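Here is the structure we will look at.
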Amino acid sequence: MKLRFVYGILPVLIFAIKRNIHMDAMTKWFIIPYIIIEDEDYNNKDLLVHELTHAKQMYKGLVLFYFIRRWASHNFILKCEREAYKAQGLSDKDISMKLLKY
């Protein structure tokens, strides 16, 4: 387990888990205020930057409103993912390719 802070004061716990039947195809989760990542990705700095960006978005969006907006708006999901991929250091072209799966 790792502990990181976003905005310098808001905690986010990061857990590594082994892939299991409950994970299905999803290998990274952001759940208030936890990030759950497969063991092999636990030290992947780019992935942590991406998921911590989602933590910042969640705190900035006042938790409940953030999740309501993600549930209700496909455009909001794309905006959040674009911001997280940008923080991860991907180029605009690579981001566009990744967003095609959404």
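Identifiers in this document derive from the order of the structure tokens: chains are assigned A, B, ..., residues are numbered from 1 separately in each chain, and ligands are numbered from 1 in order of occurrence.
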As a list in words, please: the residues near A:Arg82 (cut-off 10 Å, only C-alpha atoms, same-chain neighbours under 6 positions excluded).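 Final neighbour list, sorted by chain and number: His50, Phe76, Gln88, Leu90, Asp92, Ile95, Ser96, Lys98 and Leu99 of chain A.
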Tell me, in Å to one decimal, how far atom CA of A:Leu78 is from atom CA of A:Ile35.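 Separation of atom CA of A:Leu78 and atom CA of A:Ile35: 19.5 Å.
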Non-local contacts of A:Lys45 (12 Å; only C-alpha atoms; under 5 positions in same chain excluded) as a PyMOL selection string: chain A and resi 37+40+50-52+87-89
What separation in Å, quoted to one decimal, exists between atom CA of A:Val6 and atom CA of A:Ala84?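 Interatomic distance here is 13.6 Å.
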Hey, can you check how far atom CA of A:Gln57 sits from atom CA of A:Leu3?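 According to the coordinates, atom CA of A:Gln57 and atom CA of A:Leu3 are separated by 17.6 Å.
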Pick the closest to A:Asp41 from A:Lys86, A:Lys101, A:Arg70, A:Lys18: which is it, counting only C-alpha atoms?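 Looking only at the distances to A:Asp41, the closest residue turns out to be A:Lys18.
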